[in-house]
file protein-v9.cif (mmCIF, C-alpha atoms and all ligand atoms)
data_input
loop_
_atom_site.label_atom_id
_atom_site.label_comp_id
_atom_site.auth_asym_id
_atom_site.auth_seq_id
_atom_site.Cartn_x
_atom_site.Cartn_y
_atom_site.Cartn_z
CA MET A 1 48.44 -28.46 17.13
CA ALA A 2 48.68 -24.97 18.60
CA ASN A 3 45.66 -23.66 20.46
CA LYS A 4 44.31 -20.18 19.92
CA ILE A 5 42.41 -17.93 22.29
CA PHE A 6 38.93 -17.14 21.05
CA ASP A 7 37.05 -14.14 22.41
CA LEU A 8 33.56 -15.45 23.12
CA CYS A 9 30.28 -14.02 24.25
CA CYS A 10 27.06 -15.73 25.40
CA GLU A 11 23.48 -14.76 24.57
CA ASN A 12 23.32 -12.82 27.85
CA GLY A 13 26.34 -10.72 26.95
CA HIS A 14 28.91 -12.36 29.24
CA ALA A 15 32.34 -12.08 27.66
CA PHE A 16 34.88 -14.85 28.20
CA GLU A 17 37.75 -16.62 26.50
CA GLY A 18 38.05 -20.16 25.21
CA TRP A 19 40.94 -22.19 23.83
CA PHE A 20 40.42 -23.99 20.55
CA SER A 21 42.74 -25.42 17.94
CA SER A 22 40.79 -23.85 15.08
CA VAL A 23 37.56 -22.16 14.06
CA GLU A 24 36.29 -25.61 13.01
CA ASP A 25 37.14 -26.98 16.45
CA PHE A 26 35.17 -24.19 18.13
CA GLU A 27 32.21 -24.72 15.78
CA GLU A 28 32.21 -28.46 16.30
CA GLN A 29 32.38 -28.21 20.08
CA GLY A 30 29.73 -25.49 20.03
CA ALA A 31 27.42 -27.67 17.92
CA ARG A 32 27.87 -30.53 20.39
CA GLY A 33 26.98 -28.23 23.28
CA LEU A 34 30.45 -28.46 24.82
CA VAL A 35 30.98 -24.71 24.94
CA SER A 36 29.15 -22.98 27.76
CA CYS A 37 29.27 -19.60 29.47
CA PRO A 38 31.19 -19.79 32.80
CA VAL A 39 28.88 -17.13 34.25
CA CYS A 40 25.36 -18.32 33.37
CA GLY A 41 25.94 -21.71 31.72
CA SER A 42 24.31 -20.70 28.44
CA ARG A 43 25.38 -22.78 25.45
CA ARG A 44 24.43 -20.14 22.92
CA ILE A 45 27.90 -18.81 22.32
CA VAL A 46 29.20 -16.55 19.58
CA ARG A 47 32.69 -15.27 18.91
CA ARG A 48 33.07 -11.62 19.61
CA PRO A 49 35.25 -9.65 17.25
CA SER A 50 38.64 -9.02 18.85
CA ALA A 51 40.51 -5.74 18.50
CA SER A 52 42.47 -7.04 15.53
CA HIS A 53 39.25 -8.00 13.77
CA ILE A 54 37.84 -4.54 14.22
CA SER A 55 40.87 -2.77 12.83
CA SER A 56 41.26 -5.20 9.95
CA ARG A 57 38.88 -6.53 7.33
CA ARG A 58 36.10 -8.67 8.75
CA GLU A 59 36.82 -12.35 8.38
CA PRO A 60 34.34 -13.78 5.91
CA ARG A 61 34.00 -16.80 8.21
CA GLU A 62 32.60 -14.69 11.00
CA SER A 63 29.26 -13.85 9.42
CA PRO A 64 27.89 -17.42 9.05
CA GLU A 65 28.74 -18.11 12.71
CA ILE A 66 26.90 -15.05 13.94
CA LEU A 67 23.98 -15.81 11.63
CA GLN A 68 23.89 -19.36 12.98
CA ALA A 69 23.79 -18.08 16.57
CA GLU A 70 21.01 -15.67 15.61
CA ALA A 71 19.10 -18.52 13.96
CA MET A 72 19.34 -20.59 17.15
CA LYS A 73 17.62 -17.79 19.06
CA GLU A 74 14.75 -17.88 16.60
CA VAL A 75 13.61 -21.45 17.10
CA PRO A 76 10.43 -21.92 15.08
CA GLU A 77 7.20 -21.90 17.09
CA GLU A 78 6.23 -25.48 16.12
CA VAL A 79 9.62 -26.84 17.22
CA ARG A 80 9.34 -25.01 20.53
CA GLU A 81 5.80 -26.33 21.01
CA ARG A 82 6.90 -29.90 20.25
CA PHE A 83 9.78 -29.51 22.71
CA GLU A 84 7.49 -28.12 25.40
CA ALA A 85 4.99 -30.94 24.85
CA LEU A 86 7.83 -33.44 25.16
CA MET A 87 9.10 -31.80 28.36
CA ALA A 88 5.55 -31.86 29.78
CA LYS A 89 5.40 -35.63 29.08
CA VAL A 90 8.79 -36.10 30.73
CA ARG A 91 7.72 -34.13 33.77
CA ASP A 92 4.49 -36.12 33.90
CA ALA A 93 6.36 -39.43 33.74
CA ALA A 94 8.82 -38.17 36.34
CA GLY A 95 5.90 -37.17 38.57
CA ARG A 96 4.48 -40.71 38.42
CA ALA A 97 7.85 -42.39 38.91
CA GLU A 98 8.74 -43.69 42.34
CA ASP A 99 10.80 -41.14 44.25
CA VAL A 100 13.84 -42.90 45.69
CA GLY A 101 15.60 -39.68 46.66
CA ALA A 102 19.34 -39.90 47.28
CA ASP A 103 19.20 -43.68 46.66
CA PHE A 104 18.71 -43.04 42.95
CA ALA A 105 22.04 -44.31 41.58
CA HIS A 106 21.97 -47.40 43.86
CA GLU A 107 18.36 -48.28 43.00
CA ALA A 108 18.89 -47.67 39.25
CA ARG A 109 21.77 -50.18 39.31
CA ARG A 110 19.66 -52.74 41.22
CA ILE A 111 16.85 -52.44 38.63
CA HIS A 112 19.37 -52.68 35.80
CA ALA A 113 20.87 -55.82 37.36
CA GLY A 114 17.42 -57.36 37.87
CA LEU A 115 17.74 -57.21 41.67
CA ALA A 116 14.78 -54.85 42.03
CA PRO A 117 11.40 -54.76 40.25
CA GLU A 118 11.49 -53.05 36.84
CA ARG A 119 9.91 -49.59 37.16
CA ASN A 120 10.52 -45.92 36.55
CA ILE A 121 12.23 -44.15 39.37
CA ARG A 122 13.27 -40.61 40.04
CA GLY A 123 15.63 -39.13 42.56
CA LEU A 124 18.75 -37.15 43.07
CA CYS A 125 22.17 -37.79 41.66
CA THR A 126 25.15 -35.69 40.66
CA PRO A 127 26.00 -35.12 36.97
CA GLY A 128 29.05 -37.35 37.57
CA GLU A 129 26.90 -40.21 38.86
CA ALA A 130 24.46 -39.78 35.96
CA GLU A 131 27.38 -40.01 33.54
CA LYS A 132 28.62 -43.22 35.17
CA LEU A 133 25.14 -44.76 35.04
CA ARG A 134 24.89 -43.92 31.34
CA GLU A 135 28.27 -45.58 30.75
CA GLU A 136 26.84 -48.68 32.42
CA GLY A 137 23.98 -48.63 29.92
CA ILE A 138 21.36 -47.26 32.32
CA ASN A 139 18.99 -44.65 30.93
CA VAL A 140 19.21 -41.45 32.96
CA LEU A 141 17.34 -38.33 31.99
CA PRO A 142 18.05 -35.05 33.75
CA VAL A 143 14.79 -33.18 34.40
CA PRO A 144 15.03 -29.53 35.31
CA GLU A 145 12.89 -28.77 38.35
CA SER A 146 11.95 -25.41 36.92
CA ALA A 147 12.60 -23.83 33.57
CA GLY A 148 14.75 -21.08 35.07
CA LYS A 149 17.19 -23.45 36.74
CA THR A 150 20.44 -24.38 35.05
CA LEU A 151 21.57 -27.98 34.85
CA ASN A 152 24.99 -28.98 36.11
ZN ZN A 201 26.48 -16.00 30.14
#

call {"tool": "encode", "arguments": {"input": "protein-v9.cif", "output": "structure tokens"}}
result
Amino acid sequence: MANKIFDLCCENGHAFEGWFSSVEDFEEQGARGLVSCPVCGSRRIVRRPSASHISSRREPRESPEILQAEAMKEVPEEVRERFEALMAKVRDAAGRAEDVGADFAHEARRIHAGLAPERNIRGLCTPGEAEKLREEGINVLPVPESAGKTLN
């Protein structure tokens, strides 16, 4: 399957290119949050019309994608409120969890294996370590320290 270059743009206006096998591939990866801006890490990505699109007829496929990206920006108030309430609960739980610092991955495995008392812990680990823990069946939840900070 031949890959195509897609001209992409994030919500903050950073232009970049991505390789996808098809429009469907791009849409699917975008929906799963696998497409992110290399500059700011935003996952709200739209295709930007390339030169050939401008000089030729607009692809009918393009409009739904742009509309979808626009719709994502306009998350309904009640959904945003529910999300914020959930994040507040998560932060609250994280605040009460035992801080094990850089020992996080080690301690999480000990609890999982029954070698340490069952409890909620928090601490530091790399996205790679978090991924490994999840593969081992251990629940890891990344909590942003502040809203403005980007994960990974
Ligand atoms: Zn960006």

call {"tool": "residues_around", "arguments": {"input": "protein-v9.cif", "residues": "Ile138 of chain A", "least_positions_apart": "5", "cutoff": "9 Å", "atoms": "all atoms listed in the file", "output": "list of chain:residue names"}}
result
A:Ala108, A:Arg109, A:His112, A:Ala130, A:Lys132, A:Leu133

call {"tool": "atom_distance", "arguments": {"input": "protein-v9.cif", "atom1": "atom CA of Arg119 of chain A", "atom2": "atom CA of Val143 of chain A"}}
result
17.3 Å

call {"tool": "residues_around", "arguments": {"input": "protein-v9.cif", "residues": "Phe104 of chain A", "least_positions_apart": "3", "cutoff": "6 Å", "atoms": "all atoms listed in the file", "output": "PyMOL selection string"}}
result
chain A and resi 100-101+107-108+123-124

call {"tool": "write_last_selection", "arguments": {"input": "protein-v9.cif", "atoms": "C-alpha atoms", "output": "mmCIF file, keeping the file's coordinate frame"}}
result
data_model
loop_
_atom_site.group_PDB
_atom_site.id
_atom_site.type_symbol
_atom_site.label_atom_id
_atom_site.label_comp_id
_atom_site.auth_asym_id
_atom_site.auth_seq_id
_atom_site.Cartn_x
_atom_site.Cartn_y
_atom_site.Cartn_z
ATOM 1 C CA VAL A 100 13.840 -42.900 45.690
ATOM 2 C CA GLY A 101 15.600 -39.680 46.660
ATOM 3 C CA GLU A 107 18.360 -48.280 43.000
ATOM 4 C CA ALA A 108 18.890 -47.670 39.250
ATOM 5 C CA GLY A 123 15.630 -39.130 42.560
ATOM 6 C CA LEU A 124 18.750 -37.150 43.070
#

call {"tool": "residues_near_ligand", "arguments": {"input": "protein-v9.cif", "ligand": "ligand ZN 201 (chain A)", "cutoff": "9 Å", "atoms": "all atoms listed in the file", "output": "list in words"}}
result
Cys9, Cys10, Glu11, Asn12, Gly13, His14, Ala15, Phe16, Ser36, Cys37, Pro38, Val39, Cys40, Gly41, Ser42, Arg43, Arg44 and Ile45 of chain A

call {"tool": "write_last_selection", "arguments": {"input": "protein-v9.cif", "atoms": "C-alpha atoms", "output": "PDB file, in the coordinates of the input"}}
result
ATOM      1  CA  CYS A   9      30.280 -14.020  24.250  1.00  0.00           C
ATOM      2  CA  CYS A  10      27.060 -15.730  25.400  1.00  0.00           C
ATOM      3  CA  GLU A  11      23.480 -14.760  24.570  1.00  0.00           C
ATOM      4  CA  ASN A  12      23.320 -12.820  27.850  1.00  0.00           C
ATOM      5  CA  GLY A  13      26.340 -10.720  26.950  1.00  0.00           C
ATOM      6  CA  HIS A  14      28.910 -12.360  29.240  1.00  0.00           C
ATOM      7  CA  ALA A  15      32.340 -12.080  27.660  1.00  0.00           C
ATOM      8  CA  PHE A  16      34.880 -14.850  28.200  1.00  0.00           C
ATOM      9  CA  SER A  36      29.150 -22.980  27.760  1.00  0.00           C
ATOM     10  CA  CYS A  37      29.270 -19.600  29.470  1.00  0.00           C
ATOM     11  CA  PRO A  38      31.190 -19.790  32.800  1.00  0.00           C
ATOM     12  CA  VAL A  39      28.880 -17.130  34.250  1.00  0.00           C
ATOM     13  CA  CYS A  40      25.360 -18.320  33.370  1.00  0.00           C
ATOM     14  CA  GLY A  41      25.940 -21.710  31.720  1.00  0.00           C
ATOM     15  CA  SER A  42      24.310 -20.700  28.440  1.00  0.00           C
ATOM     16  CA  ARG A  43      25.380 -22.780  25.450  1.00  0.00           C
ATOM     17  CA  ARG A  44      24.430 -20.140  22.920  1.00  0.00           C
ATOM     18  CA  ILE A  45      27.900 -18.810  22.320  1.00  0.00           C
TER      19      ILE A  45
END

call {"tool": "closest_residue", "arguments": {"input": "protein-v9.cif", "among": "A:Pro76, A:Gly128, A:Gly18, A:Gly114", "to": "Val35 of chain A", "atoms": "all atoms listed in the file"}}
result
A:Gly18

call {"tool": "atom_distance", "arguments": {"input": "protein-v9.cif", "atom1": "atom CA of Pro49 of chain A", "atom2": "atom CA of Phe6 of chain A"}}
result
9.2 Å

call {"tool": "axis_aligned_box", "arguments": {"input": "protein-v9.cif", "around": "segment 99-116 of chain A", "padding_each_side": "5 Å", "output": "JSON"}}
result
{"center_x": 16.4, "center_y": -48.5, "center_z": 41.5, "size_x": 21.2, "size_y": 27.7, "size_z": 21.5}

call {"tool": "atom_distance", "arguments": {"input": "protein-v9.cif", "atom1": "atom CA of Leu141 of chain A", "atom2": "atom CA of Ala88 of chain A"}}
result
13.6 Å

call {"tool": "closest_residue", "arguments": {"input": "protein-v9.cif", "among": "A:Lys4, A:Arg91, A:Arg82, A:Arg122", "to": "Asp103 of chain A", "atoms": "all atoms listed in the file"}}
result
A:Arg122

call {"tool": "closest_residue", "arguments": {"input": "protein-v9.cif", "among": "A:Asn3, A:Pro142, A:Pro127, A:Glu17", "to": "Met87 of chain A", "atoms": "all atoms listed in the file"}}
result
A:Pro142

call {"tool": "closest_residue", "arguments": {"input": "protein-v9.cif", "among": "A:Leu8, A:Val140, A:Ile121, A:Val23", "to": "Ala97 of chain A", "atoms": "all atoms listed in the file"}}
result
A:Ile121
